[in-house]
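Participant: Contents of run37.csv (CSV, N, CA and C atoms):
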```csv
chain,number,residue,atom,x,y,z
A,1438,MET,N,0.8,-1.2,0.0
A,1438,MET,CA,0.0,0.0,0.0
A,1438,MET,C,0.9,1.3,0.0
A,1439,ARG,N,2.0,1.2,0.8
A,1439,ARG,CA,2.9,2.4,0.8
A,1439,ARG,C,3.5,2.7,-0.6
A,1440,SER,N,3.8,1.6,-1.3
A,1440,SER,CA,4.3,1.9,-2.7
A,1440,SER,C,3.4,2.6,-3.5
A,1441,PHE,N,2.1,2.4,-3.4
A,1441,PHE,CA,1.0,3.1,-4.1
A,1441,PHE,C,1.1,4.6,-3.8
A,1442,TRP,N,1.2,4.9,-2.5
A,1442,TRP,CA,1.3,6.3,-2.1
A,1442,TRP,C,2.6,7.0,-2.5
A,1443,LEU,N,3.7,6.2,-2.5
A,1443,LEU,CA,4.9,6.8,-3.0
A,1443,LEU,C,4.9,7.1,-4.5
A,1444,ALA,N,4.3,6.2,-5.2
A,1444,ALA,CA,4.1,6.4,-6.7
A,1444,ALA,C,3.2,7.6,-6.9
A,1445,LEU,N,2.1,7.7,-6.2
A,1445,LEU,CA,1.2,8.8,-6.3
A,1445,LEU,C,1.9,10.1,-6.0
A,1446,PHE,N,2.7,10.1,-5.0
A,1446,PHE,CA,3.5,11.3,-4.7
A,1446,PHE,C,4.4,11.7,-5.8
A,1447,ALA,N,5.1,10.7,-6.4
A,1447,ALA,CA,6.0,11.0,-7.5
A,1447,ALA,C,5.2,11.6,-8.7
A,1448,PHE,N,4.1,11.1,-9.0
A,1448,PHE,CA,3.3,11.7,-10.1
A,1448,PHE,C,2.8,13.1,-9.7
A,1449,GLY,N,2.4,13.3,-8.5
A,1449,GLY,CA,2.0,14.6,-8.1
A,1449,GLY,C,3.2,15.6,-8.1
A,1450,ALA,N,4.3,15.2,-7.7
A,1450,ALA,CA,5.5,16.1,-7.8
A,1450,ALA,C,5.9,16.4,-9.2
A,1451,ALA,N,5.8,15.5,-10.1
A,1451,ALA,CA,6.0,15.7,-11.5
A,1451,ALA,C,5.0,16.7,-12.1
A,1452,ALA,N,3.7,16.6,-11.6
A,1452,ALA,CA,2.7,17.5,-12.1
A,1452,ALA,C,2.9,18.9,-11.6
A,1453,VAL,N,3.3,19.0,-10.3
A,1453,VAL,CA,3.6,20.3,-9.7
A,1453,VAL,C,4.7,21.0,-10.5
A,1454,LEU,N,5.8,20.3,-10.7
A,1454,LEU,CA,6.9,20.8,-11.5
A,1454,LEU,C,6.5,21.3,-12.9
A,1455,ALA,N,5.7,20.4,-13.6
A,1455,ALA,CA,5.3,20.8,-14.9
A,1455,ALA,C,4.4,22.0,-14.9
A,1456,PHE,N,3.4,22.0,-14.0
A,1456,PHE,CA,2.5,23.2,-14.0
A,1456,PHE,C,3.3,24.5,-13.5
A,1457,GLY,N,4.2,24.3,-12.6
A,1457,GLY,CA,5.0,25.4,-12.2
A,1457,GLY,C,5.9,26.0,-13.3
A,1458,TRP,N,6.4,25.1,-14.1
A,1458,TRP,CA,7.2,25.5,-15.2
A,1458,TRP,C,6.3,26.3,-16.3
A,1459,GLN,N,5.2,25.7,-16.5
A,1459,GLN,CA,4.3,26.3,-17.5
A,1459,GLN,C,3.7,27.6,-17.0
A,1460,GLY,N,3.5,27.7,-15.7
A,1460,GLY,CA,3.0,28.9,-15.1
A,1460,GLY,C,4.0,30.0,-14.9
A,1461,GLY,N,5.2,29.8,-15.2
A,1461,GLY,CA,6.3,30.8,-15.1
A,1461,GLY,C,6.8,30.9,-13.6
A,1462,GLU,N,6.6,29.9,-12.8
A,1462,GLU,CA,7.1,29.9,-11.5
A,1462,GLU,C,7.8,28.5,-11.1
A,1463,PRO,N,8.9,28.2,-11.9
A,1463,PRO,CA,9.5,26.9,-11.7
A,1463,PRO,C,10.2,26.8,-10.3
A,1464,TRP,N,10.8,27.9,-9.8
A,1464,TRP,CA,11.5,27.8,-8.5
A,1464,TRP,C,10.5,27.6,-7.4
A,1465,THR,N,9.4,28.2,-7.5
A,1465,THR,CA,8.3,28.1,-6.5
A,1465,THR,C,7.9,26.6,-6.4
A,1466,ALA,N,7.7,26.0,-7.6
A,1466,ALA,CA,7.3,24.6,-7.7
A,1466,ALA,C,8.4,23.7,-7.1
A,1467,ALA,N,9.7,24.0,-7.5
A,1467,ALA,CA,10.8,23.3,-7.0
A,1467,ALA,C,10.9,23.3,-5.5
A,1468,ALA,N,10.7,24.5,-4.9
A,1468,ALA,CA,10.8,24.6,-3.5
A,1468,ALA,C,9.8,23.7,-2.8
A,1469,PHE,N,8.5,23.6,-3.3
A,1469,PHE,CA,7.5,22.7,-2.7
A,1469,PHE,C,7.9,21.3,-2.9
A,1470,VAL,N,8.4,20.9,-4.1
A,1470,VAL,CA,8.7,19.5,-4.4
A,1470,VAL,C,9.9,19.1,-3.5
A,1471,VAL,N,10.9,19.9,-3.4
A,1471,VAL,CA,12.1,19.6,-2.6
A,1471,VAL,C,11.7,19.4,-1.1
A,1472,PHE,N,10.9,20.3,-0.6
A,1472,PHE,CA,10.5,20.2,0.8
A,1472,PHE,C,9.7,19.0,1.1
A,1473,PHE,N,8.6,18.7,0.3
A,1473,PHE,CA,7.8,17.6,0.5
A,1473,PHE,C,8.4,16.3,0.2
A,1474,SER,N,9.4,16.3,-0.8
A,1474,SER,CA,10.2,15.1,-1.1
A,1474,SER,C,11.0,14.7,0.2
A,1475,SER,N,11.5,15.7,0.8
A,1475,SER,CA,12.3,15.3,2.0
A,1475,SER,C,11.4,14.7,3.1
A,1476,ARG,N,10.2,15.2,3.2
A,1476,ARG,CA,9.2,14.6,4.1
A,1476,ARG,C,8.9,13.2,3.8
A,1477,VAL,N,8.7,12.9,2.5
A,1477,VAL,CA,8.4,11.5,2.1
A,1477,VAL,C,9.7,10.6,2.4
A,1478,TRP,N,10.8,11.1,2.1
A,1478,TRP,CA,12.1,10.4,2.4
A,1478,TRP,C,12.2,10.1,3.9
A,1479,ARG,N,11.9,11.1,4.7
A,1479,ARG,CA,12.0,11.0,6.1
A,1479,ARG,C,11.0,9.8,6.6
A,1480,SER,N,9.8,9.8,6.0
A,1480,SER,CA,8.9,8.8,6.4
A,1480,SER,C,9.4,7.4,6.1
A,1481,VAL,N,10.1,7.3,5.0
A,1481,VAL,CA,10.7,6.0,4.6
A,1481,VAL,C,11.8,5.6,5.5
A,1482,ILE,N,12.6,6.6,6.0
A,1482,ILE,CA,13.6,6.3,6.9
A,1482,ILE,C,13.0,5.9,8.3
A,1483,LYS,N,12.0,6.6,8.7
A,1483,LYS,CA,11.3,6.3,9.9
A,1483,LYS,C,10.7,4.9,10.0
A,1484,ARG,N,10.0,4.6,8.9
A,1484,ARG,CA,9.4,3.2,8.7
A,1484,ARG,C,9.8,2.6,7.4
A,1485,PRO,N,11.0,1.9,7.4
A,1485,PRO,CA,11.5,1.4,6.1
A,1485,PRO,C,10.6,0.5,5.4
A,1486,LEU,N,10.6,0.5,4.1
A,1486,LEU,CA,9.8,-0.4,3.3
A,1486,LEU,C,10.2,-1.8,3.5
A,1487,PHE,N,11.5,-2.1,3.7
A,1487,PHE,CA,11.9,-3.4,4.0
A,1487,PHE,C,12.8,-3.4,5.3
A,1488,PRO,N,12.2,-3.6,6.4
A,1488,PRO,CA,12.9,-3.5,7.7
A,1488,PRO,C,14.0,-4.6,7.8
A,1489,SER,N,15.1,-4.2,8.4
A,1489,SER,CA,16.3,-5.0,8.5
A,1489,SER,C,16.4,-5.6,10.0
A,1490,ALA,N,16.8,-6.8,10.1
A,1490,ALA,CA,17.0,-7.4,11.4
A,1490,ALA,C,18.2,-6.7,12.2
A,1491,SER,N,19.1,-6.2,11.4
A,1491,SER,CA,20.3,-5.6,12.0
A,1491,SER,C,20.2,-4.0,11.9
A,1492,ASP,N,19.1,-3.5,12.3
A,1492,ASP,CA,18.8,-2.1,12.2
A,1492,ASP,C,19.6,-1.3,13.2
A,1493,ASP,N,20.3,-0.3,12.8
A,1493,ASP,CA,21.0,0.6,13.7
A,1493,ASP,C,20.2,1.9,13.9
A,1494,ALA,N,19.6,2.0,15.1
A,1494,ALA,CA,18.7,3.1,15.3
A,1494,ALA,C,19.4,4.4,15.3
A,1495,VAL,N,20.6,4.5,15.8
A,1495,VAL,CA,21.3,5.8,15.8
A,1495,VAL,C,21.7,6.2,14.4
A,1496,ARG,N,22.1,5.3,13.6
A,1496,ARG,CA,22.5,5.6,12.2
A,1496,ARG,C,21.2,6.0,11.5
A,1497,ARG,N,20.1,5.4,11.7
A,1497,ARG,CA,18.8,5.8,11.0
A,1497,ARG,C,18.4,7.2,11.5
A,1498,ALA,N,18.6,7.5,12.8
A,1498,ALA,CA,18.2,8.8,13.3
A,1498,ALA,C,19.1,9.9,12.7
A,1499,SER,N,20.4,9.5,12.5
A,1499,SER,CA,21.3,10.5,11.8
A,1499,SER,C,20.9,10.7,10.4
A,1500,ARG,N,20.5,9.7,9.7
A,1500,ARG,CA,20.0,9.9,8.3
A,1500,ARG,C,18.8,10.7,8.3
A,1501,PHE,N,17.9,10.5,9.3
A,1501,PHE,CA,16.7,11.3,9.4
A,1501,PHE,C,17.0,12.8,9.5
A,1502,VAL,N,18.0,13.1,10.3
A,1502,VAL,CA,18.3,14.5,10.6
A,1502,VAL,C,19.0,15.1,9.3
A,1503,VAL,N,19.8,14.3,8.6
A,1503,VAL,CA,20.5,14.8,7.4
A,1503,VAL,C,19.4,15.1,6.3
A,1504,VAL,N,18.5,14.2,6.2
A,1504,VAL,CA,17.4,14.4,5.2
A,1504,VAL,C,16.6,15.6,5.5
A,1505,THR,N,16.3,15.8,6.8
A,1505,THR,CA,15.6,17.0,7.2
A,1505,THR,C,16.3,18.2,6.9
A,1506,ALA,N,17.6,18.2,7.2
A,1506,ALA,CA,18.5,19.4,6.8
A,1506,ALA,C,18.5,19.7,5.3
A,1507,LEU,N,18.7,18.6,4.6
A,1507,LEU,CA,18.7,18.8,3.1
A,1507,LEU,C,17.4,19.3,2.6
A,1508,GLY,N,16.3,18.9,3.1
A,1508,GLY,CA,15.0,19.4,2.7
A,1508,GLY,C,14.9,20.8,3.0
A,1509,TYR,N,15.2,21.2,4.2
A,1509,TYR,CA,15.1,22.7,4.5
A,1509,TYR,C,16.1,23.5,3.7
A,1510,LEU,N,17.4,23.1,3.6
A,1510,LEU,CA,18.3,23.8,2.8
A,1510,LEU,C,18.0,23.9,1.3
A,1511,GLY,N,17.6,22.8,0.8
A,1511,GLY,CA,17.2,22.7,-0.7
A,1511,GLY,C,16.0,23.6,-0.9
A,1512,ALA,N,14.9,23.5,-0.1
A,1512,ALA,CA,13.8,24.4,-0.3
A,1512,ALA,C,14.1,25.8,0.0
A,1513,GLY,N,15.0,26.1,0.9
A,1513,GLY,CA,15.4,27.5,1.2
A,1513,GLY,C,16.2,28.1,0.0
A,1514,ALA,N,17.0,27.2,-0.6
A,1514,ALA,CA,17.8,27.7,-1.8
A,1514,ALA,C,16.8,28.0,-3.0
A,1515,CYS,N,15.9,27.1,-3.2
A,1515,CYS,CA,14.9,27.3,-4.3
A,1515,CYS,C,14.0,28.5,-4.0
A,1516,ALA,N,13.6,28.7,-2.7
A,1516,ALA,CA,12.8,29.9,-2.3
A,1516,ALA,C,13.6,31.2,-2.5
A,1517,ALA,N,14.9,31.1,-2.2
A,1517,ALA,CA,15.7,32.3,-2.4
A,1517,ALA,C,15.8,32.7,-3.8
A,1518,ILE,N,16.0,31.7,-4.7
A,1518,ILE,CA,16.1,31.9,-6.1
A,1518,ILE,C,14.8,32.4,-6.6
A,1519,ALA,N,13.7,31.9,-6.1
A,1519,ALA,CA,12.3,32.3,-6.5
A,1519,ALA,C,12.1,33.8,-6.2
A,1520,ALA,N,12.6,34.2,-5.0
A,1520,ALA,CA,12.5,35.6,-4.6
A,1520,ALA,C,13.3,36.5,-5.5
A,1521,VAL,N,14.5,36.1,-5.8
A,1521,VAL,CA,15.5,36.9,-6.6
A,1521,VAL,C,14.9,37.1,-8.1
A,1522,VAL,N,14.4,36.0,-8.6
A,1522,VAL,CA,13.9,36.1,-10.0
A,1522,VAL,C,12.5,36.7,-10.1
A,1523,GLY,N,11.9,37.0,-9.0
A,1523,GLY,CA,10.6,37.7,-9.0
A,1523,GLY,C,9.4,36.8,-9.0
A,1524,GLU,N,9.4,35.6,-8.4
A,1524,GLU,CA,8.3,34.7,-8.4
A,1524,GLU,C,7.4,35.0,-7.2
A,1525,GLY,N,7.7,36.0,-6.4
A,1525,GLY,CA,6.9,36.3,-5.3
A,1525,GLY,C,7.7,36.9,-4.1
A,1526,GLN,N,7.2,38.0,-3.6
A,1526,GLN,CA,7.9,38.6,-2.5
A,1526,GLN,C,7.9,37.8,-1.2
A,1527,GLU,N,6.8,37.0,-1.1
A,1527,GLU,CA,6.7,36.2,0.2
A,1527,GLU,C,7.9,35.3,0.4
A,1528,TRP,N,8.6,34.9,-0.7
A,1528,TRP,CA,9.8,34.0,-0.6
A,1528,TRP,C,10.9,34.7,0.1
A,1529,LEU,N,10.9,36.0,0.1
A,1529,LEU,CA,11.9,36.8,0.9
A,1529,LEU,C,11.8,36.5,2.4
A,1530,TYR,N,10.6,36.2,2.8
A,1530,TYR,CA,10.4,35.9,4.3
A,1530,TYR,C,10.5,34.4,4.6
A,1531,VAL,N,10.2,33.6,3.6
A,1531,VAL,CA,10.3,32.1,3.8
A,1531,VAL,C,11.7,31.6,3.7
A,1532,ALA,N,12.4,32.0,2.7
A,1532,ALA,CA,13.8,31.5,2.5
A,1532,ALA,C,14.7,31.5,3.7
A,1533,PRO,N,14.8,32.7,4.4
A,1533,PRO,CA,15.7,32.7,5.5
A,1533,PRO,C,15.3,31.6,6.6
A,1534,PHE,N,14.0,31.5,6.8
A,1534,PHE,CA,13.5,30.5,7.8
A,1534,PHE,C,13.9,29.1,7.4
A,1535,PHE,N,13.7,28.7,6.2
A,1535,PHE,CA,14.1,27.4,5.7
A,1535,PHE,C,15.7,27.2,5.9
A,1536,LEU,N,16.4,28.2,5.5
A,1536,LEU,CA,17.9,28.1,5.6
A,1536,LEU,C,18.3,28.0,7.1
A,1537,ILE,N,17.7,28.8,7.9
A,1537,ILE,CA,18.1,28.7,9.4
A,1537,ILE,C,17.7,27.3,9.9
A,1538,MET,N,16.5,26.8,9.6
A,1538,MET,CA,16.1,25.5,10.1
A,1538,MET,C,17.1,24.4,9.6
A,1539,GLY,N,17.5,24.5,8.3
A,1539,GLY,CA,18.5,23.5,7.8
A,1539,GLY,C,19.8,23.6,8.5
A,1540,ALA,N,20.2,24.9,8.8
A,1540,ALA,CA,21.5,25.0,9.6
A,1540,ALA,C,21.4,24.5,11.0
A,1541,LEU,N,20.2,24.7,11.6
A,1541,LEU,CA,20.0,24.1,12.9
A,1541,LEU,C,20.0,22.6,12.9
A,1542,GLN,N,19.5,22.0,11.9
A,1542,GLN,CA,19.5,20.5,11.8
A,1542,GLN,C,21.0,20.0,11.7
A,1543,LEU,N,21.8,20.8,10.9
A,1543,LEU,CA,23.2,20.4,10.7
A,1543,LEU,C,23.9,20.6,12.1
A,1544,ALA,N,23.6,21.7,12.8
A,1544,ALA,CA,24.2,21.9,14.1
A,1544,ALA,C,23.8,20.7,15.1
A,1545,LEU,N,22.6,20.3,15.0
A,1545,LEU,CA,22.1,19.2,15.8
A,1545,LEU,C,22.9,18.0,15.5
A,1546,LEU,N,23.1,17.7,14.2
A,1546,LEU,CA,23.8,16.5,13.8
A,1546,LEU,C,25.3,16.6,14.2
A,1547,THR,N,26.0,17.7,14.1
A,1547,THR,CA,27.4,17.8,14.5
A,1547,THR,C,27.5,17.7,16.0
A,1548,GLY,N,26.5,18.2,16.7
A,1548,GLY,CA,26.6,18.2,18.2
A,1548,GLY,C,26.4,16.8,18.7
A,1549,THR,N,25.5,16.0,18.0
A,1549,THR,CA,25.3,14.6,18.5
A,1549,THR,C,26.5,13.7,18.0
A,1550,GLU,N,27.1,14.0,16.9
A,1550,GLU,CA,28.3,13.2,16.5
A,1550,GLU,C,29.5,13.5,17.4
A,1551,ARG,N,29.6,14.7,17.9
A,1551,ARG,CA,30.7,15.0,18.8
A,1551,ARG,C,30.6,14.3,20.2
A,1552,HIS,N,29.3,14.0,20.6
A,1552,HIS,CA,29.1,13.4,21.9
A,1552,HIS,C,29.1,11.9,21.9
A,1553,ARG,N,29.3,11.2,20.8
A,1553,ARG,CA,29.3,9.8,20.7
A,1553,ARG,C,30.5,9.2,21.3
```
Turn the structure described in the file into structure tokens.
Facilitator:
Amino acid sequence: MRSFWLALFAFGAAAVLAFGWQGGEPWTAAAFVVFFSSRVWRSVIKRPLFPSASDDAVRRASRFVVVTALGYLGAGACAAIAAVVGEGQEWLYVAPFFLIMGALQLALLTGTERHR
């Protein structure tokens, strides 16, 4: 059942990108797709499609934080580009938030790595 929802998400993401490109707002569409793709990827890390008997919970948690950081940083970069190219002034307010949240996730990751 999860594979159905993953496939449906992939089709939806492709449609958002296509319509965003046609509508003249490709970076806005990319920001949404990057952010929500990271959320889907996080859910797969949290509940793997094929669980392993030798699962390392700490390693999986680290991957979860890395994917969260990449989602925020990628969406922030796309949002910043969208603001610069004129796709909407609201991205000027959103982009810094995403970039700060991504940096905080990386700080969390480096702080936990140091204490192991």
Participant: Just to confirm, what's the straight-line distance from atom N of Ile1518 of chain A to atom N of Phe1448 of chain A in Å (one decimal)?
Facilitator: 24.2 Å
Participant: Quote the spacing between atom CA of Leu1536 of chain A and atom CA of Ala1468 of chain A in Å to one decimal place.
Facilitator: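 Taking atom CA of Leu1536 of chain A as the start and atom CA of Ala1468 of chain A as the end point, the length is 12.1 Å.
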Participant: Give the answer as one residue: which of A:Phe1441, A:Trp1478, A:Phe1487, A:Phe1535 has the shortest atom-to-atom distance to Ala1514 of chain A, using only N, CA and C atoms?
Facilitator: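 For Ala1514 of chain A, the nearest of the candidates is A:Phe1535.
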Participant: With distances taken over all atoms listed in the file, which of A:Val1504, A:Leu1541, A:Leu1443, A:Leu1546 is nearest to Arg1479 of chain A?
Facilitator: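 Of A:Val1504, A:Leu1541, A:Leu1443, A:Leu1546, the one nearest Arg1479 of chain A, counting all atoms listed in the file, is A:Val1504.
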Participant: Which residues are near Val1481 of chain A? Cut-off 12 Å, only C-alpha atoms, ignore same chain within fewer than 6 positions. Put them as an MDAnalysis selection string.
Facilitator: chainID A and resid 1439:1440 1442:1443 1474:1475 1487:1488 1497:1498 1500:1501 1504
